[in-house]
$ cat structure-v3.cif   # mmCIF, C-alpha atoms
data_model
loop_
_atom_site.group_PDB
_atom_site.id
_atom_site.type_symbol
_atom_site.label_atom_id
_atom_site.label_comp_id
_atom_site.auth_asym_id
_atom_site.auth_seq_id
_atom_site.Cartn_x
_atom_site.Cartn_y
_atom_site.Cartn_z
ATOM 1 C CA MET A 19 388.217 43.375 250.777
ATOM 2 C CA SER A 20 384.781 41.778 251.093
ATOM 3 C CA ASP A 21 385.880 38.972 248.765
ATOM 4 C CA PRO A 22 386.043 35.670 250.751
ATOM 5 C CA SER A 23 389.461 34.932 249.205
ATOM 6 C CA PHE A 24 390.877 38.277 250.347
ATOM 7 C CA TRP A 25 392.630 36.763 253.402
ATOM 8 C CA ASP A 26 394.078 33.815 251.522
ATOM 9 C CA ASN A 27 397.319 35.771 251.423
ATOM 10 C CA PRO A 28 397.495 37.339 254.930
ATOM 11 C CA ASP A 29 400.586 39.507 254.275
ATOM 12 C CA LYS A 30 399.117 41.011 251.109
ATOM 13 C CA ALA A 31 395.754 41.449 252.820
ATOM 14 C CA ARG A 32 397.349 43.342 255.730
ATOM 15 C CA GLU A 33 399.221 45.577 253.292
ATOM 16 C CA ILE A 34 396.034 46.419 251.381
ATOM 17 C CA SER A 35 394.115 46.983 254.623
ATOM 18 C CA GLN A 36 396.787 49.389 255.849
ATOM 19 C CA GLN A 37 396.733 51.278 252.545
ATOM 20 C CA ALA A 38 392.938 51.506 252.707
ATOM 21 C CA THR A 39 393.089 52.837 256.288
ATOM 22 C CA GLU A 40 395.697 55.456 255.339
ATOM 23 C CA ALA A 41 393.651 56.513 252.305
ATOM 24 C CA LYS A 42 390.515 56.886 254.449
ATOM 25 C CA ASP A 43 392.437 58.919 257.069
ATOM 26 C CA THR A 44 393.755 61.235 254.346
ATOM 27 C CA TYR A 45 390.285 61.669 252.847
ATOM 28 C CA ASP A 46 388.728 62.377 256.263
ATOM 29 C CA THR A 47 391.431 64.944 257.076
ATOM 30 C CA TYR A 48 390.934 66.901 253.862
ATOM 31 C CA THR A 49 387.133 66.702 254.206
ATOM 32 C CA ARG A 50 387.368 68.195 257.711
ATOM 33 C CA LEU A 51 389.751 70.923 256.529
ATOM 34 C CA PHE A 52 387.418 71.834 253.662
ATOM 35 C CA GLU A 53 384.436 72.073 256.021
ATOM 36 C CA GLN A 54 386.435 74.198 258.473
ATOM 37 C CA ALA A 55 387.602 76.500 255.664
ATOM 38 C CA GLU A 56 383.987 76.965 254.547
ATOM 39 C CA GLY A 57 383.043 77.804 258.148
ATOM 40 C CA ILE A 58 385.774 80.449 258.349
ATOM 41 C CA GLN A 59 384.633 81.947 255.050
ATOM 42 C CA GLU A 60 381.068 82.223 256.336
ATOM 43 C CA LEU A 61 382.332 83.797 259.582
ATOM 44 C CA LEU A 62 384.407 86.286 257.587
ATOM 45 C CA GLU A 63 381.435 87.237 255.414
ATOM 46 C CA ILE A 64 379.304 87.840 258.512
ATOM 47 C CA ALA A 65 382.053 89.953 260.125
ATOM 48 C CA ILE A 66 382.390 92.086 256.976
ATOM 49 C CA GLU A 67 378.633 92.459 256.563
ATOM 50 C CA GLU A 68 378.138 93.508 260.190
ATOM 51 C CA ASP A 69 381.442 95.411 260.396
ATOM 52 C CA ASP A 70 382.265 93.337 263.493
ATOM 53 C CA GLN A 71 385.993 93.676 264.223
ATOM 54 C CA SER A 72 385.718 91.547 267.385
ATOM 55 C CA MET A 73 385.833 88.430 265.206
ATOM 56 C CA GLU A 74 389.204 89.343 263.672
ATOM 57 C CA ALA A 75 391.381 87.541 266.237
ATOM 58 C CA GLU A 76 389.308 84.333 266.074
ATOM 59 C CA ILE A 77 389.303 84.273 262.254
ATOM 60 C CA LYS A 78 393.038 84.946 262.085
ATOM 61 C CA SER A 79 393.749 82.178 264.606
ATOM 62 C CA GLU A 80 391.658 79.651 262.645
ATOM 63 C CA ILE A 81 393.336 80.563 259.344
ATOM 64 C CA GLU A 82 396.772 80.104 260.904
ATOM 65 C CA ARG A 83 395.759 76.743 262.402
ATOM 66 C CA ILE A 84 394.507 75.399 259.078
ATOM 67 C CA GLY A 85 397.578 76.800 257.339
ATOM 68 C CA LEU A 86 399.870 74.817 259.636
ATOM 69 C CA ILE A 87 397.939 71.607 258.984
ATOM 70 C CA LEU A 88 398.121 72.184 255.219
ATOM 71 C CA GLU A 89 401.875 72.773 255.436
ATOM 72 C CA GLN A 90 402.240 69.442 257.245
ATOM 73 C CA LYS A 91 400.148 67.684 254.603
ATOM 74 C CA GLU A 92 402.252 69.281 251.868
ATOM 75 C CA ILE A 93 405.354 67.699 253.414
ATOM 76 C CA GLU A 94 403.636 64.329 253.684
ATOM 77 C CA ILE A 95 402.857 64.471 249.954
ATOM 78 C CA LEU A 96 406.614 64.718 249.334
ATOM 79 C CA LEU A 97 407.119 61.543 251.365
ATOM 80 C CA ASN A 98 405.961 59.194 248.627
ATOM 81 C CA GLU A 99 409.012 56.991 248.112
ATOM 82 C CA PRO A 100 409.225 53.330 249.179
ATOM 83 C CA TYR A 101 409.633 52.934 252.948
ATOM 84 C CA ASP A 102 409.105 56.647 253.719
ATOM 85 C CA THR A 103 406.399 55.637 256.192
ATOM 86 C CA ASN A 104 408.695 53.117 257.924
ATOM 87 C CA ASN A 105 410.446 53.353 261.267
ATOM 88 C CA ALA A 106 414.045 54.577 261.080
ATOM 89 C CA ILE A 107 417.360 53.259 262.345
ATOM 90 C CA ILE A 108 419.714 56.178 262.927
ATOM 91 C CA THR A 109 423.434 55.687 263.549
ATOM 92 C CA PHE A 110 426.044 58.179 264.786
ATOM 93 C CA HIS A 111 429.827 57.982 264.368
ATOM 94 C CA ALA A 112 432.356 60.493 265.726
ATOM 95 C CA GLY A 113 434.892 61.707 263.191
ATOM 96 C CA ALA A 114 438.604 62.283 263.743
ATOM 97 C CA GLY A 115 439.393 64.637 266.597
ATOM 98 C CA GLY A 116 439.080 62.569 269.744
ATOM 99 C CA THR A 117 437.127 64.060 272.626
ATOM 100 C CA GLU A 118 436.014 67.130 270.695
ATOM 101 C CA ALA A 119 434.417 65.028 267.930
ATOM 102 C CA GLN A 120 432.915 62.618 270.460
ATOM 103 C CA ASP A 121 431.352 65.495 272.385
ATOM 104 C CA TRP A 122 429.921 66.814 269.111
ATOM 105 C CA THR A 123 428.433 63.378 268.413
ATOM 106 C CA GLU A 124 426.695 63.389 271.798
ATOM 107 C CA MET A 125 425.320 66.868 271.063
ATOM 108 C CA LEU A 126 423.890 65.600 267.757
ATOM 109 C CA ILE A 127 422.302 62.599 269.474
ATOM 110 C CA ARG A 128 420.598 64.894 271.979
ATOM 111 C CA MET A 129 419.383 67.112 269.106
ATOM 112 C CA TYR A 130 417.774 64.236 267.203
ATOM 113 C CA LEU A 131 416.253 62.649 270.292
ATOM 114 C CA LYS A 132 414.637 65.965 271.214
ATOM 115 C CA TRP A 133 413.314 66.311 267.659
ATOM 116 C CA ALA A 134 411.883 62.775 267.766
ATOM 117 C CA GLU A 135 410.267 63.356 271.173
ATOM 118 C CA SER A 136 408.657 66.585 269.938
ATOM 119 C CA ARG A 137 406.967 64.571 267.174
ATOM 120 C CA GLY A 138 405.765 61.901 269.553
ATOM 121 C CA PHE A 139 408.012 59.213 268.083
ATOM 122 C CA GLU A 140 409.045 56.210 270.164
ATOM 123 C CA LEU A 141 412.779 55.868 270.886
ATOM 124 C CA GLU A 142 414.885 52.794 271.564
ATOM 125 C CA GLU A 143 418.617 52.849 272.191
ATOM 126 C CA LEU A 144 420.108 49.881 270.340
ATOM 127 C CA ASN A 145 423.801 50.351 270.957
ATOM 128 C CA ILE A 146 426.128 53.009 272.363
ATOM 129 C CA LEU A 147 429.889 53.284 272.807
ATOM 130 C CA PRO A 148 430.886 56.112 275.194
ATOM 131 C CA GLY A 149 433.870 58.341 274.503
ATOM 132 C CA ASP A 150 437.156 57.929 276.347
ATOM 133 C CA GLU A 151 436.835 61.186 278.332
ATOM 134 C CA ALA A 152 433.495 62.647 277.270
ATOM 135 C CA GLY A 153 430.894 62.308 274.592
ATOM 136 C CA VAL A 154 430.061 59.292 272.445
ATOM 137 C CA LYS A 155 432.146 57.405 269.883
ATOM 138 C CA SER A 156 429.170 55.728 268.211
ATOM 139 C CA ALA A 157 425.513 55.008 268.863
ATOM 140 C CA GLU A 158 422.469 53.516 267.194
ATOM 141 C CA TYR A 159 418.782 54.182 267.834
ATOM 142 C CA MET A 160 415.460 52.916 266.550
ATOM 143 C CA ILE A 161 412.928 55.712 266.011
ATOM 144 C CA ARG A 162 409.377 54.448 265.594
ATOM 145 C CA GLY A 163 406.575 56.471 264.085
ATOM 146 C CA LYS A 164 404.853 57.155 260.786
ATOM 147 C CA PHE A 165 407.238 58.866 258.310
ATOM 148 C CA ALA A 166 410.193 58.513 260.694
ATOM 149 C CA TYR A 167 412.442 57.291 257.868
ATOM 150 C CA GLY A 168 411.002 59.628 255.250
ATOM 151 C CA LEU A 169 411.804 62.647 257.414
ATOM 152 C CA LEU A 170 415.136 61.502 258.836
ATOM 153 C CA LYS A 171 416.618 60.401 255.504
ATOM 154 C CA ALA A 172 417.220 64.123 254.935
ATOM 155 C CA GLU A 173 419.784 64.012 257.755
ATOM 156 C CA LYS A 174 422.052 61.352 256.272
ATOM 157 C CA GLY A 175 425.612 62.648 255.898
ATOM 158 C CA VAL A 176 428.438 64.423 257.694
ATOM 159 C CA HIS A 177 427.664 67.258 260.129
ATOM 160 C CA ARG A 178 430.365 69.886 260.758
ATOM 161 C CA LEU A 179 430.836 71.840 263.995
ATOM 162 C CA VAL A 180 432.879 75.034 264.430
ATOM 163 C CA ARG A 181 433.323 76.344 267.975
ATOM 164 C CA ILE A 182 435.813 77.315 270.661
ATOM 165 C CA SER A 183 436.523 73.952 272.246
ATOM 166 C CA PRO A 184 435.705 73.588 275.968
ATOM 167 C CA PHE A 185 438.438 70.916 276.032
ATOM 168 C CA ASP A 186 441.183 73.273 274.834
ATOM 169 C CA ALA A 187 442.878 75.259 277.599
ATOM 170 C CA ALA A 188 444.093 77.774 275.000
ATOM 171 C CA LYS A 189 440.471 78.418 273.949
ATOM 172 C CA ARG A 190 441.209 77.902 270.273
ATOM 173 C CA ARG A 191 438.570 77.422 267.622
ATOM 174 C CA HIS A 192 438.128 73.803 266.495
ATOM 175 C CA THR A 193 436.323 72.122 263.614
ATOM 176 C CA SER A 194 434.798 68.707 264.321
ATOM 177 C CA PHE A 195 432.836 66.191 262.276
ATOM 178 C CA ALA A 196 430.290 63.464 262.980
ATOM 179 C CA ALA A 197 428.550 61.149 260.534
ATOM 180 C CA VAL A 198 424.847 60.363 260.668
ATOM 181 C CA ASP A 199 423.448 57.357 258.822
ATOM 182 C CA VAL A 200 419.739 56.623 258.439
ATOM 183 C CA MET A 201 418.115 53.399 257.261
ATOM 184 C CA PRO A 202 414.500 52.247 257.097
ATOM 185 C CA GLU A 203 413.455 49.394 259.335
ATOM 186 C CA ILE A 204 412.889 46.548 256.872
ATOM 187 C CA THR A 205 409.939 44.299 257.612
ATOM 188 C CA ASP A 206 410.101 40.538 257.121
ATOM 189 C CA ASP A 207 408.007 40.667 253.931
ATOM 190 C CA VAL A 208 410.776 42.578 252.111
ATOM 191 C CA GLU A 209 413.241 40.322 250.336
ATOM 192 C CA VAL A 210 416.866 40.831 251.411
ATOM 193 C CA ASP A 211 419.703 38.684 250.062
ATOM 194 C CA LEU A 212 420.951 37.281 253.353
ATOM 195 C CA ASN A 213 422.336 33.799 253.919
ATOM 196 C CA MET A 214 422.970 33.142 257.607
ATOM 197 C CA ALA A 215 425.847 30.846 256.597
ATOM 198 C CA ASP A 216 427.634 34.086 255.593
ATOM 199 C CA VAL A 217 427.111 35.667 259.014
ATOM 200 C CA ARG A 218 429.425 35.364 262.006
ATOM 201 C CA VAL A 219 427.608 35.834 265.311
ATOM 202 C CA ASP A 220 429.550 36.919 268.412
ATOM 203 C CA TYR A 221 428.215 37.255 271.932
ATOM 204 C CA TYR A 222 429.721 39.568 274.554
ATOM 205 C CA ARG A 223 428.905 41.335 277.795
ATOM 206 C CA ALA A 224 426.985 44.543 277.371
ATOM 207 C CA SER A 225 428.311 47.825 278.694
ATOM 208 C CA GLY A 226 426.486 50.865 279.995
ATOM 209 C CA ALA A 227 423.058 51.129 281.613
ATOM 210 C CA GLY A 228 420.739 48.207 282.070
ATOM 211 C CA GLY A 229 421.221 46.953 285.611
ATOM 212 C CA GLN A 230 423.267 44.046 286.900
ATOM 213 C CA HIS A 231 421.678 41.394 284.680
ATOM 214 C CA ILE A 232 422.749 43.038 281.440
ATOM 215 C CA ASN A 233 426.403 43.063 282.522
ATOM 216 C CA LYS A 234 426.616 39.621 284.158
ATOM 217 C CA THR A 235 425.646 37.629 281.060
ATOM 218 C CA SER A 236 426.904 37.667 277.478
ATOM 219 C CA SER A 237 423.606 39.099 276.264
ATOM 220 C CA ALA A 238 424.973 41.574 273.690
ATOM 221 C CA VAL A 239 425.116 40.345 270.091
ATOM 222 C CA ARG A 240 427.336 41.332 267.178
ATOM 223 C CA MET A 241 426.709 40.037 263.642
ATOM 224 C CA THR A 242 429.280 40.352 260.855
ATOM 225 C CA HIS A 243 428.253 39.768 257.249
ATOM 226 C CA LEU A 244 431.461 38.205 255.928
ATOM 227 C CA PRO A 245 431.023 38.921 252.182
ATOM 228 C CA THR A 246 430.562 42.679 252.736
ATOM 229 C CA GLY A 247 432.140 43.253 256.161
ATOM 230 C CA ILE A 248 428.969 44.956 257.377
ATOM 231 C CA VAL A 249 428.579 44.796 261.167
ATOM 232 C CA ALA A 250 425.415 45.084 263.242
ATOM 233 C CA GLN A 251 425.243 44.919 267.012
ATOM 234 C CA CYS A 252 422.677 45.288 269.760
ATOM 235 C CA GLN A 253 422.837 45.325 273.552
ATOM 236 C CA SER A 254 419.641 47.184 274.445
ATOM 237 C CA GLN A 255 417.538 44.146 275.376
ATOM 238 C CA ARG A 256 417.857 42.070 278.551
ATOM 239 C CA SER A 257 418.046 38.686 276.844
ATOM 240 C CA GLN A 258 420.470 37.353 274.268
ATOM 241 C CA HIS A 259 417.569 36.088 272.166
ATOM 242 C CA GLN A 260 415.941 39.541 272.006
ATOM 243 C CA ASN A 261 419.239 41.200 271.114
ATOM 244 C CA LYS A 262 419.827 38.609 268.392
ATOM 245 C CA ASP A 263 416.433 39.307 266.808
ATOM 246 C CA ARG A 264 417.002 43.057 266.929
ATOM 247 C CA CYS A 265 420.559 42.658 265.596
ATOM 248 C CA LEU A 266 419.257 40.671 262.635
ATOM 249 C CA GLN A 267 416.777 43.458 261.922
ATOM 250 C CA ILE A 268 419.605 45.995 261.820
ATOM 251 C CA LEU A 269 421.756 43.765 259.604
ATOM 252 C CA ARG A 270 418.904 43.291 257.124
ATOM 253 C CA ALA A 271 418.380 47.058 257.005
ATOM 254 C CA LYS A 272 422.089 47.693 256.377
ATOM 255 C CA LEU A 273 422.246 45.106 253.589
ATOM 256 C CA TYR A 274 419.137 46.563 252.004
ATOM 257 C CA GLU A 275 420.690 50.044 252.193
ATOM 258 C CA LEU A 276 423.840 48.698 250.523
ATOM 259 C CA GLU A 277 421.759 47.260 247.686
ATOM 260 C CA LEU A 278 419.978 50.606 247.237
ATOM 261 C CA ALA A 279 423.347 52.380 247.071
ATOM 262 C CA LYS A 280 424.536 49.969 244.368
ATOM 263 C CA ARG A 281 421.406 50.552 242.322
ATOM 264 C CA GLU A 282 421.761 54.322 242.658
ATOM 265 C CA LYS A 283 425.375 54.179 241.452
ATOM 266 C CA GLU A 284 424.346 52.075 238.472
ATOM 267 C CA LYS A 285 421.562 54.538 237.635
ATOM 268 C CA GLN A 286 423.964 57.487 237.869
ATOM 269 C CA ALA A 287 426.410 55.714 235.558
ATOM 270 C CA ILE A 288 423.639 55.125 233.029
ATOM 271 C CA ASP A 289 422.383 58.711 233.308
ATOM 272 C CA GLY A 290 425.913 60.080 233.047
ATOM 273 C CA GLU A 291 425.815 61.945 236.365
ATOM 274 C CA GLN A 292 429.278 63.188 237.302
ATOM 275 C CA GLN A 293 428.611 65.110 240.498
ATOM 276 C CA ALA A 294 426.327 62.840 242.468
ATOM 277 C CA ILE A 295 426.381 63.386 246.211
ATOM 278 C CA GLU A 296 428.021 60.457 247.960
ATOM 279 C CA TRP A 297 426.412 58.920 251.046
ATOM 280 C CA GLY A 298 429.054 60.355 253.354
ATOM 281 C CA SER A 299 429.071 63.919 252.031
ATOM 282 C CA GLN A 300 429.084 66.913 254.383
ATOM 283 C CA ILE A 301 425.534 68.206 254.470
ATOM 284 C CA ARG A 302 425.344 70.873 257.185
ATOM 285 C CA SER A 303 427.535 73.259 259.159
ATOM 286 C CA TYR A 304 426.919 74.417 262.736
ATOM 287 C CA VAL A 305 428.942 77.501 263.698
ATOM 288 C CA PHE A 306 428.960 78.576 267.375
ATOM 289 C CA GLN A 307 431.855 81.071 267.175
ATOM 290 C CA PRO A 308 432.718 83.742 266.094
ATOM 291 C CA TYR A 309 429.041 84.024 265.065
ATOM 292 C CA THR A 310 426.057 81.664 265.254
ATOM 293 C CA LEU A 311 424.824 80.010 262.090
ATOM 294 C CA VAL A 312 423.401 76.674 261.008
ATOM 295 C CA LYS A 313 423.416 76.237 257.232
ATOM 296 C CA ASP A 314 422.376 73.307 255.070
ATOM 297 C CA ASN A 315 424.881 72.930 252.255
ATOM 298 C CA ARG A 316 422.312 71.362 249.896
ATOM 299 C CA SER A 317 419.118 73.393 250.205
ATOM 300 C CA GLY A 318 420.743 76.632 251.389
ATOM 301 C CA VAL A 319 418.346 76.857 254.357
ATOM 302 C CA GLU A 320 420.001 78.650 257.281
ATOM 303 C CA THR A 321 419.258 80.174 260.688
ATOM 304 C CA GLY A 322 421.183 82.089 263.315
ATOM 305 C CA ASN A 323 419.206 80.535 266.188
ATOM 306 C CA ILE A 324 421.619 77.683 266.774
ATOM 307 C CA GLN A 325 420.321 76.932 270.275
ATOM 308 C CA ALA A 326 416.830 76.221 268.945
ATOM 309 C CA VAL A 327 418.306 73.835 266.381
ATOM 310 C CA MET A 328 420.332 72.005 269.042
ATOM 311 C CA ASP A 329 417.111 71.725 271.056
ATOM 312 C CA GLY A 330 415.525 69.764 268.214
ATOM 313 C CA GLU A 331 413.942 72.387 265.957
ATOM 314 C CA LEU A 332 414.970 70.654 262.716
ATOM 315 C CA ASP A 333 411.780 70.787 260.675
ATOM 316 C CA VAL A 334 412.861 73.844 258.662
ATOM 317 C CA PHE A 335 415.940 71.928 257.458
ATOM 318 C CA ILE A 336 414.127 68.649 256.851
ATOM 319 C CA GLU A 337 411.330 70.347 254.918
ATOM 320 C CA GLY A 338 413.842 72.470 253.025
ATOM 321 C CA PHE A 339 415.733 69.366 251.896
ATOM 322 C CA LEU A 340 412.565 67.522 250.844
ATOM 323 C CA LYS A 341 411.484 70.466 248.679
ATOM 324 C CA TYR A 342 415.013 70.854 247.287
ATOM 325 C CA ASN A 343 415.196 67.127 246.560
ATOM 326 C CA LYS A 344 411.912 67.250 244.648
ATOM 327 C CA LEU A 345 413.238 70.043 242.413
ATOM 328 C CA GLN A 346 416.371 68.014 241.641
ATOM 329 C CA LYS A 347 414.343 65.099 240.249
#
$ encode --input "structure-v3.cif" --output "structure tokens"
Amino acid sequence: MSDPSFWDNPDKAREISQQATEAKDTYDTYTRLFEQAEGIQELLEIAIEEDDQSMEAEIKSEIERIGLILEQKEIEILLNEPYDTNNAIITFHAGAGGTEAQDWTEMLIRMYLKWAESRGFELEELNILPGDEAGVKSAEYMIRGKFAYGLLKAEKGVHRLVRISPFDAAKRRHTSFAAVDVMPEITDDVEVDLNMADVRVDYYRASGAGGQHINKTSSAVRMTHLPTGIVAQCQSQRSQHQNKDRCLQILRAKLYELELAKREKEKQAIDGEQQAIEWGSQIRSYVFQPYTLVKDNRSGVETGNIQAVMDGELDVFIEGFLKYNKLQK
């Protein structure tokens, strides 16, 4: 980095600088943990030598604190695939079932937003289509923060709800579905095969929150990639220009995701895999009645505390999937 020609290629230089910063942060973290562990060991030896039980609570607390940090670092080691450190674009779509499915979709959105907030991630609503009577038909959010995509990619798939529907006067049990899709935010330095001549751009009036300005002008933008039929849209920004830039970001991410899916299918065909999980597969069940249970259909991780899960406590499932995924490779 001290080489005078280092900044001749600014993009490459920034990438190397970021990698160097991350490496230094990792080194500093483990150095601190090692020093703290040595300190606890010395404290423990003193307590044993002097038969001082008053130190027990302090030592136990420190061991638990370091243990939690090490668990977090263990998960970060699993996040070593391309774009795991990137921001994430998360999309929700209600399945068949009308209001019941749309209400379930809104419940899922709340769950993920609470999870993201608990991690200190930054949230941006990109697009939302409310349900006819209640809930949400579809929505899209940008979640910004280190490892946002690496963690959330575990949530890609169909989520199944079983409960007594509050919208059914007969109080019957209903099963509803909602699909969650997760893509990494793709930076401009990543090559994506996109020719703007193949893209139709439509402008329309935004709906929902945003004040009078957002509804008086055709500031919302929809882009359709004609060769694939992929659609991206954004209405979260006040100006048409800002929405267009954000919409292009989403479209690039979706096209990149499509290319990854094609490569994965080709790899599976070469490897002879017959039971590969498809992108839209059901991944988790949430049962409210007649008992409470949330179970991941891939890793087998489950809990009866469904309210905690709906309040954003998803780490046990995300970590369970990452460990399961590592064993499958």
$ residues_near_point --input "structure-v3.cif" --point "(406.8, 53.6, 262.5)" --cutoff "12 Å" --atoms "all atoms listed in the file" --output "compact mmCIF listing (two decimals) with C-alpha atoms, in the coordinates of the input"
# COMPACT_ATOMS: atom_id res chain seq x y z
CA TYR A 101 409.63 52.93 252.95
CA ASP A 102 409.10 56.65 253.72
CA THR A 103 406.40 55.64 256.19
CA ASN A 104 408.70 53.12 257.92
CA ASN A 105 410.45 53.35 261.27
CA ALA A 106 414.04 54.58 261.08
CA ILE A 107 417.36 53.26 262.35
CA ALA A 134 411.88 62.78 267.77
CA ARG A 137 406.97 64.57 267.17
CA GLY A 138 405.76 61.90 269.55
CA PHE A 139 408.01 59.21 268.08
CA GLU A 140 409.04 56.21 270.16
CA LEU A 141 412.78 55.87 270.89
CA MET A 160 415.46 52.92 266.55
CA ILE A 161 412.93 55.71 266.01
CA ARG A 162 409.38 54.45 265.59
CA GLY A 163 406.58 56.47 264.08
CA LYS A 164 404.85 57.16 260.79
CA PHE A 165 407.24 58.87 258.31
CA ALA A 166 410.19 58.51 260.69
CA TYR A 167 412.44 57.29 257.87
CA GLY A 168 411.00 59.63 255.25
CA LEU A 169 411.80 62.65 257.41
CA PRO A 202 414.50 52.25 257.10
CA GLU A 203 413.46 49.39 259.33
CA ILE A 204 412.89 46.55 256.87
CA THR A 205 409.94 44.30 257.61
$ residues_around --input "structure-v3.cif" --residues "Ala152 (chain A)" --least-positions-apart "3" --cutoff "8 Å" --atoms "all atoms listed in the file" --output "number ranges by chain"
A: 117, 120-121, 148-149
$ atom_distance --input "structure-v3.cif" --atom1 "CA of Glu282 (chain A)" --atom2 "CA of Cys252 (chain A)"
28.6 Å
$ atom_distance --input "structure-v3.cif" --atom1 "CA of Asp314 (chain A)" --atom2 "CA of Glu277 (chain A)"
27.1 Å
$ axis_aligned_box --input "structure-v3.cif" --around "region 103-120 of chain A" --padding-each-side "8 Å" --output "JSON"
{"center_x": 422.9, "center_y": 60.1, "center_z": 264.4, "size_x": 49.0, "size_y": 30.0, "size_z": 32.4}
$ atom_distance --input "structure-v3.cif" --atom1 "CA of Phe52 (chain A)" --atom2 "CA of Asp333 (chain A)"
25.4 Å
$ closest_residue --input "structure-v3.cif" --among "A:Val198, A:Val180, A:Val305, A:Leu144" --to "Ala250 (chain A)" --atoms "only C-alpha atoms"
A:Leu144
$ closest_residue --input "structure-v3.cif" --among "A:Ile182, A:Leu278, A:Val239, A:Ile268" --to "Glu118 (chain A)" --atoms "all atoms listed in the file"
A:Ile182
$ closest_residue --input "structure-v3.cif" --among "A:Thr242, A:Thr109, A:Gln260, A:Ser317" --to "Leu345 (chain A)" --atoms "only C-alpha atoms"
A:Ser317
$ resolve_selection --input "structure-v3.cif" --expression "the PyMOL selection byres ((chain A and resi 111) around 7)" --output "JSON, numbers by chain"
{"A": [109, 110, 112, 113, 123, 155, 156, 157, 196, 197, 198]}
$ decode --input "structure-v3.cif" --residues "region 44-56 of chain A" --atoms "N, CA, C and O atoms" --output "PDB file, in the first residue's frame"
ATOM      1  N   THR A  44     -10.000  -7.874  12.764  1.00  0.00           N
ATOM      2  CA  THR A  44     -10.096  -9.266  13.214  1.00  0.00           C
ATOM      3  C   THR A  44      -8.925  -9.614  14.126  1.00  0.00           C
ATOM      4  O   THR A  44      -9.101 -10.224  15.195  1.00  0.00           O
ATOM      5  N   TYR A  45      -7.730  -9.218  13.716  1.00  0.00           N
ATOM      6  CA  TYR A  45      -6.527  -9.487  14.513  1.00  0.00           C
ATOM      7  C   TYR A  45      -6.628  -8.815  15.877  1.00  0.00           C
ATOM      8  O   TYR A  45      -6.349  -9.436  16.920  1.00  0.00           O
ATOM      9  N   ASP A  46      -7.039  -7.539  15.880  1.00  0.00           N
ATOM     10  CA  ASP A  46      -7.155  -6.794  17.149  1.00  0.00           C
ATOM     11  C   ASP A  46      -8.186  -7.441  18.077  1.00  0.00           C
ATOM     12  O   ASP A  46      -7.977  -7.516  19.296  1.00  0.00           O
ATOM     13  N   THR A  47      -9.297  -7.903  17.501  1.00  0.00           N
ATOM     14  CA  THR A  47     -10.344  -8.534  18.314  1.00  0.00           C
ATOM     15  C   THR A  47      -9.823  -9.790  19.002  1.00  0.00           C
ATOM     16  O   THR A  47     -10.005  -9.979  20.209  1.00  0.00           O
ATOM     17  N   TYR A  48      -9.159 -10.650  18.228  1.00  0.00           N
ATOM     18  CA  TYR A  48      -8.662 -11.900  18.808  1.00  0.00           C
ATOM     19  C   TYR A  48      -7.523 -11.646  19.789  1.00  0.00           C
ATOM     20  O   TYR A  48      -7.388 -12.367  20.784  1.00  0.00           O
ATOM     21  N   THR A  49      -6.716 -10.615  19.547  1.00  0.00           N
ATOM     22  CA  THR A  49      -5.646 -10.263  20.491  1.00  0.00           C
ATOM     23  C   THR A  49      -6.248  -9.830  21.827  1.00  0.00           C
ATOM     24  O   THR A  49      -5.796 -10.261  22.899  1.00  0.00           O
ATOM     25  N   ARG A  50      -7.297  -8.992  21.755  1.00  0.00           N
ATOM     26  CA  ARG A  50      -7.967  -8.544  22.986  1.00  0.00           C
ATOM     27  C   ARG A  50      -8.589  -9.720  23.732  1.00  0.00           C
ATOM     28  O   ARG A  50      -8.491  -9.818  24.963  1.00  0.00           O
ATOM     29  N   LEU A  51      -9.248 -10.616  22.991  1.00  0.00           N
ATOM     30  CA  LEU A  51      -9.887 -11.774  23.621  1.00  0.00           C
ATOM     31  C   LEU A  51      -8.851 -12.660  24.309  1.00  0.00           C
ATOM     32  O   LEU A  51      -9.084 -13.175  25.418  1.00  0.00           O
ATOM     33  N   PHE A  52      -7.708 -12.856  23.661  1.00  0.00           N
ATOM     34  CA  PHE A  52      -6.648 -13.674  24.242  1.00  0.00           C
ATOM     35  C   PHE A  52      -6.135 -13.053  25.536  1.00  0.00           C
ATOM     36  O   PHE A  52      -5.948 -13.746  26.556  1.00  0.00           O
ATOM     37  N   GLU A  53      -5.927 -11.742  25.515  1.00  0.00           N
ATOM     38  CA  GLU A  53      -5.449 -11.039  26.718  1.00  0.00           C
ATOM     39  C   GLU A  53      -6.474 -11.126  27.842  1.00  0.00           C
ATOM     40  O   GLU A  53      -6.119 -11.324  29.010  1.00  0.00           O
ATOM     41  N   GLN A  54      -7.761 -10.972  27.498  1.00  0.00           N
ATOM     42  CA  GLN A  54      -8.815 -11.058  28.504  1.00  0.00           C
ATOM     43  C   GLN A  54      -8.914 -12.471  29.082  1.00  0.00           C
ATOM     44  O   GLN A  54      -9.140 -12.644  30.287  1.00  0.00           O
ATOM     45  N   ALA A  55      -8.744 -13.479  28.222  1.00  0.00           N
ATOM     46  CA  ALA A  55      -8.793 -14.868  28.690  1.00  0.00           C
ATOM     47  C   ALA A  55      -7.637 -15.151  29.653  1.00  0.00           C
ATOM     48  O   ALA A  55      -7.809 -15.851  30.664  1.00  0.00           O
ATOM     49  N   GLU A  56      -6.464 -14.603  29.338  1.00  0.00           N
ATOM     50  CA  GLU A  56      -5.309 -14.771  30.233  1.00  0.00           C
ATOM     51  C   GLU A  56      -5.586 -14.110  31.582  1.00  0.00           C
ATOM     52  O   GLU A  56      -5.227 -14.642  32.640  1.00  0.00           O
TER      53      GLU A  56
END
